[in-house]
Amino acid sequence: MKKKLTISLILLSIICFKIKAQTILYSADGQNYKEIKDQEIKNKTKEIPKSNGMLIKVYSPTAYTIKMDGVPSPDMKPMEGKNKEGTALGVIVPGSLSEDGSYIAGTETTNGNALKMKVNFTSPGFYSISSDVVNGIQFFATGYVDVSGQRDIALKANGTPIKAGTFQFQVKFGAGSQTIPITFSGTDQTISTISAIASPVLNGTYKEGAEMNSNNTMAVSVTSTGTGFYDITTEIINGIFFRGTGKVTAVGTMTVTLKAYGTPIQGVSTKYTVKTNGGISLDQNVPFAKAPNDYYVYSIPNTAKKLEFSDPSGTDVYTIQLSGGDEGERLGLALANTSYINYIDETYGTTRKTFKVTPYGLLMNAKINGKDYLYGGPNYVHIFLDEMGSPLMTTIPQGIPEMQYVVHIIYNSENAGRKVSYGINVTGGTFTGGNKIENGKTNPGELTGTSDPIFDEYTVLIKTTDSDFDFEIRRFENGTVTKKMNYTLTMTKSFTTSISVGLLNTKLKNPTYSLVTDPADNLLKLAKETEGRNRGFGTVFATLYTSPITLIKYYVDKKKISQGRLNEINNPVADFQLHSKDYLYMRPVWERIYPTVGVGLTDKIFQNLFFGLNWEFARGGSIFIGGHYGKVNVFNAPEGFEFQKTNLTADQYNLYQNIDWRTDWAFGASLDFSIITNLFK
């Protein structure tokens with residue numbers, strides 16, 4: 001049986017074994033990969049550079065057995081994973097919805113009947129996109145996207161049209177929807193009357209991630225009291241739905257087959273309510289089997305020198321020799337120290353020169369001991385732990401999406417005759433509780449065995465997510481797991497835009513005009529202008545959290561950061577702050593000036609537009625200054641015309657009056673809409 005092994009770096013370095021392609025990749029920096037041919041490793045030993053924070057990723061539906069340095073390691077419990085999972089997120093591209101095919105009442109739709117559109121997917125996963133059921137027709141598409149971006153999607157029609165005429169179909173996906181009219185030709189059809197539905201029988205197999213096919217059906221017994229077309233369907237749940245349409249030619253009891261459409265997202269038992277076009281319904285549970293795992297991820301102690309993996313059948317053994325050390329990643333060997341902090345000072349430099357404490361965590365310089373540091377600068381938050389998992393220098397920070405977190409464990413590798421090492425397992429998941437720390441202070445008993453301990457360090461990079469993020473650190477003694485320490489980074493919310501309501505005063509005046517009698521001659525007319533005043537407007541604003549001042553500061557400070565002068569910078573700018581705002585660390589008040597656009601609410605919508613800058617002087621509260629571009633009354637009289645002096649006819653008066661767009665200054669204040677809604681909770 002042929003196997004494929006793929007080695008790739010996860011965190012600081014990851015090795016992947018993949019069945020089928022027989023390829024191994026490995027990397028020292030997480031970006032540039034080197035390939036090992038299958039013939040170099042299958043049932044052989046291949047030497048690769050050793051690195052800290054190593055994880056092994058084995059592509060297999062069942063777990064491999066593992067030996068480290070010749071010793072079986074049953075405590076190396078791997079994390080299971082799937083290549084395809086989750087629900088895709090995205091939005092329909094405006095104006096992209098169109099129809100294909102012709103539609104005739106009484107004629108069942110074919111593959112040529114479809115809706116086409118473009119969808120901008122913002123996260124990978126399974127998707128199920130459908131229209132509402134209108135006139136006996138529903139449009140539906142299912143699939144999986146592995147990367148974000150824009151895709152062309154075709155929704156196939158399902159059913160038989162009942163009536164002729166034009167009907168509106170709404171397609172929903174994510175937070176948006178689009179509507180399209182479809183015209184049906186032919187003649188109106190009769191709709192059957194169904195009085196009962198019973199005895200559901202499920203056919204086919206139902207498995208997570210496996211798209212439904214012709215074998216996936218549900219047969220139901222239907223009793224009708226009138227002939228005509230019927231429509232029996234369920235809602236879309238767990239990525240699939242059942243639907244059956246057809247025509248009753250004789251009253252009585254008959255068996256109707258509903259076809260399943262879509263791709264199951266989860267392997268769980270799911271209840272479906274089957275409904276007829278007459279409102280009769282019944283419930284049916286569908287058991288979805290879990291799909292097998294695609295891979296397993298193992299955390300490897302940083303003291304391991306040789307790894308042996310055996311496939312589940314035991315026919316193949318894959319051996320990797322880890323050579324070299326991790327001095328490059330540790331930035332030099334540490335000296336013998338009597339405290340964790342002394343070790344940190346010796347390795348990275350003193351606190352004053354190396355570290356910078358911010359409200360969202362501990363930052364480190366981009367140059368340490370004269371060398372470039374890969375994880376230096378404002379985009380990396382550092383967490384230092386002692387060997388029992390207690391925080392050093394700072395506590396476990398509150399998380400911020402888009403930041404990356406680097407965990408450092410300082411420990412005594414030679415402890416009372418025991419070989420001590422560490423590994424890390426990213427267990428994933430979302431938690432709502434606080435940080436979980438096993439013990440609150442160092443256990444002095446762990447520093448016995450020598451009066452002057454030699455410290456070592458285990459360092460690993462963790463990529464964070466938008467949701468709460470948890471990880472587990474494992475302590476090994478002589479290759480056996482003796483301790484597991486669990487931590488959670490609870491993520492705060494970051495915002496790229498906000499919607500607010502405001503009150504503005506505008507200098508754009510809107511005069512009014514009237515036709516009056518000339519006091520000197522009752523038979524003649526004059527035009528009178530009543531000059532407008534400054535006006536007040538209720539508005540809705542959209543504010544983009546990209547501060548021009550923050551952008552300038554980011555590029556000005558870039559050189560200092562590259563030179564290792566992070567501590568000279570007040571309020572360093574992380575990348576996420578270029579396009580979003582997080583309430584855990586709001587930028588200084590003079591940097592909270594953001595571009596804003598708005599629309600007036602106190603007049604006809606989209607006849608008064610506002611553009612400018614919002615200065616957020618307090619959380620949710622802003623002052624606006626900018627331009628007002630709106631429609632106002634104008635009087636386009638010929639040159640030399642004077643109000644209340646130049647005579648004109650009623651026709652001339654009506655001809656000269658018009659409405660045009662004008663621009664002037666506006667200012668006012670706005671309040672974040674979320675704050676207003678919270679007042680009523």
# chains A, B, ... in the order shown; residues from 1 in each chain; ligands from 1

$ residues_around --residues "Gly143 in chain A" --least-positions-apart "6" --cutoff "7 Å" --atoms "only C-alpha atoms" --output "list in words"
Phe126, Tyr127, Ser128 and Thr263 of chain A

$ write_last_selection --atoms "N, CA, C and O atoms" --output "PDB file, in the first residue's frame"
ATOM      1  N   PHE A 126     -17.502  24.859   4.222  1.00  0.00           N
ATOM      2  CA  PHE A 126     -18.626  24.412   3.403  1.00  0.00           C
ATOM      3  C   PHE A 126     -19.645  25.541   3.272  1.00  0.00           C
ATOM      4  O   PHE A 126     -19.867  26.309   4.202  1.00  0.00           O
ATOM      5  N   TYR A 127     -20.279  25.621   2.123  1.00  0.00           N
ATOM      6  CA  TYR A 127     -21.324  26.624   1.935  1.00  0.00           C
ATOM      7  C   TYR A 127     -22.576  25.972   1.357  1.00  0.00           C
ATOM      8  O   TYR A 127     -22.512  24.993   0.620  1.00  0.00           O
ATOM      9  N   SER A 128     -23.730  26.499   1.749  1.00  0.00           N
ATOM     10  CA  SER A 128     -25.026  26.138   1.184  1.00  0.00           C
ATOM     11  C   SER A 128     -25.755  27.442   0.911  1.00  0.00           C
ATOM     12  O   SER A 128     -26.069  28.183   1.844  1.00  0.00           O
ATOM     13  N   THR A 263     -24.338  19.364   1.262  1.00  0.00           N
ATOM     14  CA  THR A 263     -23.187  18.677   1.854  1.00  0.00           C
ATOM     15  C   THR A 263     -23.249  18.823   3.367  1.00  0.00           C
ATOM     16  O   THR A 263     -23.230  19.952   3.873  1.00  0.00           O
TER      17      THR A 263
END

$ residues_around --residues "range 164-166 of chain A" --least-positions-apart "4" --cutoff "10 Å" --atoms "only C-alpha atoms" --output "ChimeraX atom specification"
/A:103-106,135,181-189

$ residues_around --residues "range 363-365 of chain A" --least-positions-apart "2" --cutoff "6 Å" --atoms "only C-alpha atoms" --output "PyMOL selection string"
chain A and resi 354-356+367+376-377+381+564+566

$ atom_distance --atom1 "CA of Asp386 in chain A" --atom2 "CA of Tyr360 in chain A"
20.6 Å

$ residues_around --residues "Pro588 in chain A" --least-positions-apart "3" --cutoff "9 Å" --atoms "only C-alpha atoms" --output "number ranges by chain"
A: 571, 591-592

$ write_last_selection --atoms "all heavy atoms" --output "CSV table (one decimal), in the first residue's frame"
chain,number,residue,atom,x,y,z
A,571,ASN,N,4.0,54.5,22.1
A,571,ASN,CA,2.8,54.0,21.4
A,571,ASN,C,3.2,53.4,20.1
A,571,ASN,O,2.7,53.8,19.0
A,571,ASN,CB,1.7,55.0,21.2
A,571,ASN,CG,1.3,55.7,22.5
A,571,ASN,OD1,1.0,55.0,23.5
A,571,ASN,ND2,1.4,57.0,22.6
A,591,GLU,N,-4.5,60.6,17.6
A,591,GLU,CA,-4.5,59.7,16.4
A,591,GLU,C,-5.8,59.1,16.0
A,591,GLU,O,-6.0,58.4,15.0
A,591,GLU,CB,-3.5,58.5,16.7
A,591,GLU,CG,-2.1,58.9,16.8
A,591,GLU,CD,-1.1,57.7,16.9
A,591,GLU,OE1,-1.4,56.7,16.3
A,591,GLU,OE2,-0.2,57.8,17.7
A,592,ARG,N,-6.9,59.4,16.9
A,592,ARG,CA,-8.2,58.9,16.6
A,592,ARG,C,-9.0,59.8,15.7
A,592,ARG,O,-10.1,60.2,16.0
A,592,ARG,CB,-8.9,58.6,17.9
A,592,ARG,CG,-8.2,57.6,18.8
A,592,ARG,CD,-9.1,56.9,19.8
A,592,ARG,NE,-9.7,57.8,20.7
A,592,ARG,CZ,-9.1,58.1,21.9
A,592,ARG,NH1,-8.0,57.5,22.3
A,592,ARG,NH2,-9.8,58.9,22.8

$ residues_around --residues "Thr496 in chain A" --least-positions-apart "2" --cutoff "10 Å" --atoms "only C-alpha atoms" --output "ChimeraX atom specification"
/A:494,498,543-546,576-582

$ residues_around --residues "range 276-280 of chain A" --least-positions-apart "4" --cutoff "7 Å" --atoms "only C-alpha atoms" --output "ChimeraX atom specification"
/A:193-194,196-197,230-233

$ write_last_selection --atoms "all heavy atoms" --output "compact mmCIF listing (two decimals), in the first residue's frame"
# COMPACT_ATOMS: atom_id res chain seq x y z
N THR A 193 -54.32 19.12 -3.06
CA THR A 193 -54.64 19.28 -1.64
C THR A 193 -54.17 18.03 -0.91
O THR A 193 -54.65 16.92 -1.18
CB THR A 193 -56.15 19.47 -1.43
OG1 THR A 193 -56.59 20.60 -2.18
CG2 THR A 193 -56.46 19.68 0.04
N ILE A 194 -53.22 18.18 0.02
CA ILE A 194 -52.67 17.05 0.78
C ILE A 194 -53.24 17.10 2.18
O ILE A 194 -53.14 18.11 2.89
CB ILE A 194 -51.14 17.10 0.80
CG1 ILE A 194 -50.62 16.91 -0.64
CG2 ILE A 194 -50.57 16.03 1.72
CD1 ILE A 194 -49.11 17.02 -0.76
N ALA A 196 -52.66 14.42 4.56
CA ALA A 196 -51.86 13.68 5.55
C ALA A 196 -50.52 13.30 4.95
O ALA A 196 -50.39 13.11 3.73
CB ALA A 196 -52.62 12.43 6.01
N ILE A 197 -49.52 13.18 5.83
CA ILE A 197 -48.18 12.72 5.43
C ILE A 197 -47.64 11.86 6.56
O ILE A 197 -47.78 12.20 7.74
CB ILE A 197 -47.24 13.90 5.12
CG1 ILE A 197 -45.86 13.41 4.71
CG2 ILE A 197 -47.15 14.86 6.28
CD1 ILE A 197 -44.94 14.52 4.21
N TYR A 230 -47.76 19.10 -6.28
CA TYR A 230 -47.44 19.15 -4.85
C TYR A 230 -45.99 19.59 -4.67
O TYR A 230 -45.16 19.46 -5.58
CB TYR A 230 -47.66 17.79 -4.18
CG TYR A 230 -46.77 16.69 -4.71
CD1 TYR A 230 -45.46 16.52 -4.24
CD2 TYR A 230 -47.23 15.80 -5.68
CE1 TYR A 230 -44.65 15.51 -4.72
CE2 TYR A 230 -46.42 14.79 -6.17
CZ TYR A 230 -45.13 14.65 -5.69
OH TYR A 230 -44.32 13.66 -6.17
N ASP A 231 -45.69 20.10 -3.47
CA ASP A 231 -44.33 20.54 -3.12
C ASP A 231 -44.10 20.17 -1.67
O ASP A 231 -44.74 20.71 -0.77
CB ASP A 231 -44.19 22.05 -3.32
CG ASP A 231 -42.75 22.54 -3.16
OD1 ASP A 231 -41.91 21.74 -2.70
OD2 ASP A 231 -42.48 23.70 -3.48
N ILE A 232 -43.21 19.21 -1.41
CA ILE A 232 -42.91 18.74 -0.06
C ILE A 232 -41.43 18.98 0.19
O ILE A 232 -40.58 18.51 -0.59
CB ILE A 232 -43.25 17.25 0.10
CG1 ILE A 232 -44.72 17.00 -0.30
CG2 ILE A 232 -43.00 16.79 1.52
CD1 ILE A 232 -45.10 15.54 -0.31
N THR A 233 -41.09 19.67 1.26
CA THR A 233 -39.70 20.08 1.45
C THR A 233 -39.36 20.24 2.93
O THR A 233 -40.26 20.20 3.79
CB THR A 233 -39.42 21.41 0.72
OG1 THR A 233 -38.03 21.71 0.77
CG2 THR A 233 -40.20 22.55 1.35

$ atom_distance --atom1 "CA of Thr87 in chain A" --atom2 "CA of Ile265 in chain A"
7.2 Å

$ atom_distance --atom1 "CA of Ile153 in chain A" --atom2 "CA of Lys118 in chain A"
5.9 Å

$ closest_residue --among "A:Glu457, A:Glu47, A:Asp672, A:Glu211" --to "Tyr343 in chain A" --atoms "only C-alpha atoms"
A:Glu457

$ residues_around --residues "Gln150 in chain A" --least-positions-apart "6" --cutoff "7 Å" --atoms "only C-alpha atoms" --output "JSON, numbers by chain"
{"A": [118, 119, 120, 121]}

$ select_by_dssp --residues "range 509-562 of chain A" --states "strand (DSSP E or B)" --output "list in words"
Thr512, Tyr513, Ser514, Leu515, Val516, Thr517, Asp518, Asp521, Asn522, Leu523, Leu524, Lys525, Leu526, Ala527, Lys528, Glu529, Thr530, Arg535, Gly536, Phe537, Gly538, Thr539, Val540, Phe541, Ala542, Thr543 and Leu544 of chain A

$ write_last_selection --atoms "N, CA, C and O atoms" --output "CSV table (one decimal), in the first residue's frame"
chain,number,residue,atom,x,y,z
A,512,THR,N,-35.4,79.8,-0.8
A,512,THR,CA,-36.7,79.6,-1.4
A,512,THR,C,-37.1,80.8,-2.3
A,512,THR,O,-36.6,81.9,-2.0
A,513,TYR,N,-37.9,80.6,-3.3
A,513,TYR,CA,-38.3,81.7,-4.2
A,513,TYR,C,-39.8,81.8,-4.3
A,513,TYR,O,-40.5,80.8,-4.2
A,514,SER,N,-40.3,83.0,-4.6
A,514,SER,CA,-41.7,83.3,-4.7
A,514,SER,C,-41.9,84.3,-5.8
A,514,SER,O,-41.1,85.2,-6.0
A,515,LEU,N,-43.1,84.3,-6.4
A,515,LEU,CA,-43.5,85.2,-7.5
A,515,LEU,C,-44.5,86.2,-6.8
A,515,LEU,O,-45.5,85.9,-6.3
A,516,VAL,N,-44.1,87.5,-6.9
A,516,VAL,CA,-44.9,88.6,-6.2
A,516,VAL,C,-45.2,89.7,-7.2
A,516,VAL,O,-44.6,89.8,-8.3
A,517,THR,N,-46.2,90.5,-6.9
A,517,THR,CA,-46.7,91.6,-7.7
A,517,THR,C,-45.7,92.8,-7.6
A,517,THR,O,-45.3,93.1,-6.5
A,518,ASP,N,-45.4,93.4,-8.7
A,518,ASP,CA,-44.6,94.6,-8.7
A,518,ASP,C,-45.3,95.8,-8.1
A,518,ASP,O,-46.4,96.2,-8.5
A,521,ASP,N,-46.4,98.5,-10.5
A,521,ASP,CA,-47.3,98.2,-11.6
A,521,ASP,C,-48.0,96.8,-11.3
A,521,ASP,O,-47.3,95.8,-11.3
A,522,ASN,N,-49.3,96.8,-11.0
A,522,ASN,CA,-50.0,95.6,-10.6
A,522,ASN,C,-50.0,94.5,-11.7
A,522,ASN,O,-50.3,93.4,-11.4
A,523,LEU,N,-49.8,94.9,-12.9
A,523,LEU,CA,-49.8,94.0,-14.0
A,523,LEU,C,-48.5,93.3,-14.2
A,523,LEU,O,-48.4,92.3,-15.0
A,524,LEU,N,-47.4,93.7,-13.5
A,524,LEU,CA,-46.1,93.1,-13.7
A,524,LEU,C,-45.8,92.2,-12.4
A,524,LEU,O,-46.3,92.5,-11.3
A,525,LYS,N,-44.8,91.3,-12.7
A,525,LYS,CA,-44.4,90.4,-11.6
A,525,LYS,C,-42.9,90.5,-11.3
A,525,LYS,O,-42.1,90.9,-12.2
A,526,LEU,N,-42.5,90.2,-10.0
A,526,LEU,CA,-41.1,90.2,-9.6
A,526,LEU,C,-40.9,88.9,-8.9
A,526,LEU,O,-41.8,88.2,-8.4
A,527,ALA,N,-39.6,88.4,-8.9
A,527,ALA,CA,-39.2,87.2,-8.2
A,527,ALA,C,-38.6,87.7,-6.8
A,527,ALA,O,-37.7,88.6,-6.8
A,528,LYS,N,-39.0,87.0,-5.8
A,528,LYS,CA,-38.4,87.3,-4.5
A,528,LYS,C,-37.6,86.1,-3.9
A,528,LYS,O,-38.1,84.9,-4.0
A,529,GLU,N,-36.5,86.4,-3.4
A,529,GLU,CA,-35.6,85.3,-2.8
A,529,GLU,C,-35.6,85.4,-1.3
A,529,GLU,O,-35.4,86.5,-0.7
A,530,THR,N,-35.9,84.3,-0.6
A,530,THR,CA,-35.8,84.2,0.8
A,530,THR,C,-34.6,83.4,1.1
A,530,THR,O,-34.6,82.2,0.9
A,535,ARG,N,-28.5,74.9,8.5
A,535,ARG,CA,-29.5,73.9,8.8
A,535,ARG,C,-28.9,72.8,9.6
A,535,ARG,O,-27.7,72.5,9.7
A,536,GLY,N,-29.8,72.2,10.4
A,536,GLY,CA,-29.5,71.0,11.2
A,536,GLY,C,-29.9,69.7,10.5
A,536,GLY,O,-31.0,69.7,9.9
A,537,PHE,N,-29.1,68.7,10.6
A,537,PHE,CA,-29.4,67.4,9.9
A,537,PHE,C,-29.2,66.3,10.9
A,537,PHE,O,-28.2,66.2,11.7
A,538,GLY,N,-30.1,65.3,10.9
A,538,GLY,CA,-29.8,64.0,11.5
A,538,GLY,C,-29.2,63.1,10.5
A,538,GLY,O,-29.6,63.1,9.3
A,539,THR,N,-28.1,62.4,10.9
A,539,THR,CA,-27.3,61.7,9.9
A,539,THR,C,-27.0,60.3,10.4
A,539,THR,O,-27.0,60.0,11.6
A,540,VAL,N,-26.7,59.4,9.4
A,540,VAL,CA,-26.0,58.1,9.7
A,540,VAL,C,-24.7,58.1,9.1
A,540,VAL,O,-24.5,58.4,7.9
A,541,PHE,N,-23.6,57.8,9.9
A,541,PHE,CA,-22.2,57.8,9.4
A,541,PHE,C,-21.7,56.4,9.4
A,541,PHE,O,-22.0,55.6,10.2
A,542,ALA,N,-20.8,56.2,8.4
A,542,ALA,CA,-19.9,55.0,8.4
A,542,ALA,C,-18.5,55.5,8.5
A,542,ALA,O,-18.0,56.3,7.7
A,543,THR,N,-17.8,55.1,9.6
A,543,THR,CA,-16.4,55.5,9.8
A,543,THR,C,-15.5,54.4,9.6
A,543,THR,O,-15.7,53.3,10.1
A,544,LEU,N,-14.4,54.6,8.8
A,544,LEU,CA,-13.4,53.6,8.6
A,544,LEU,C,-12.2,53.9,9.5
A,544,LEU,O,-11.7,55.0,9.6
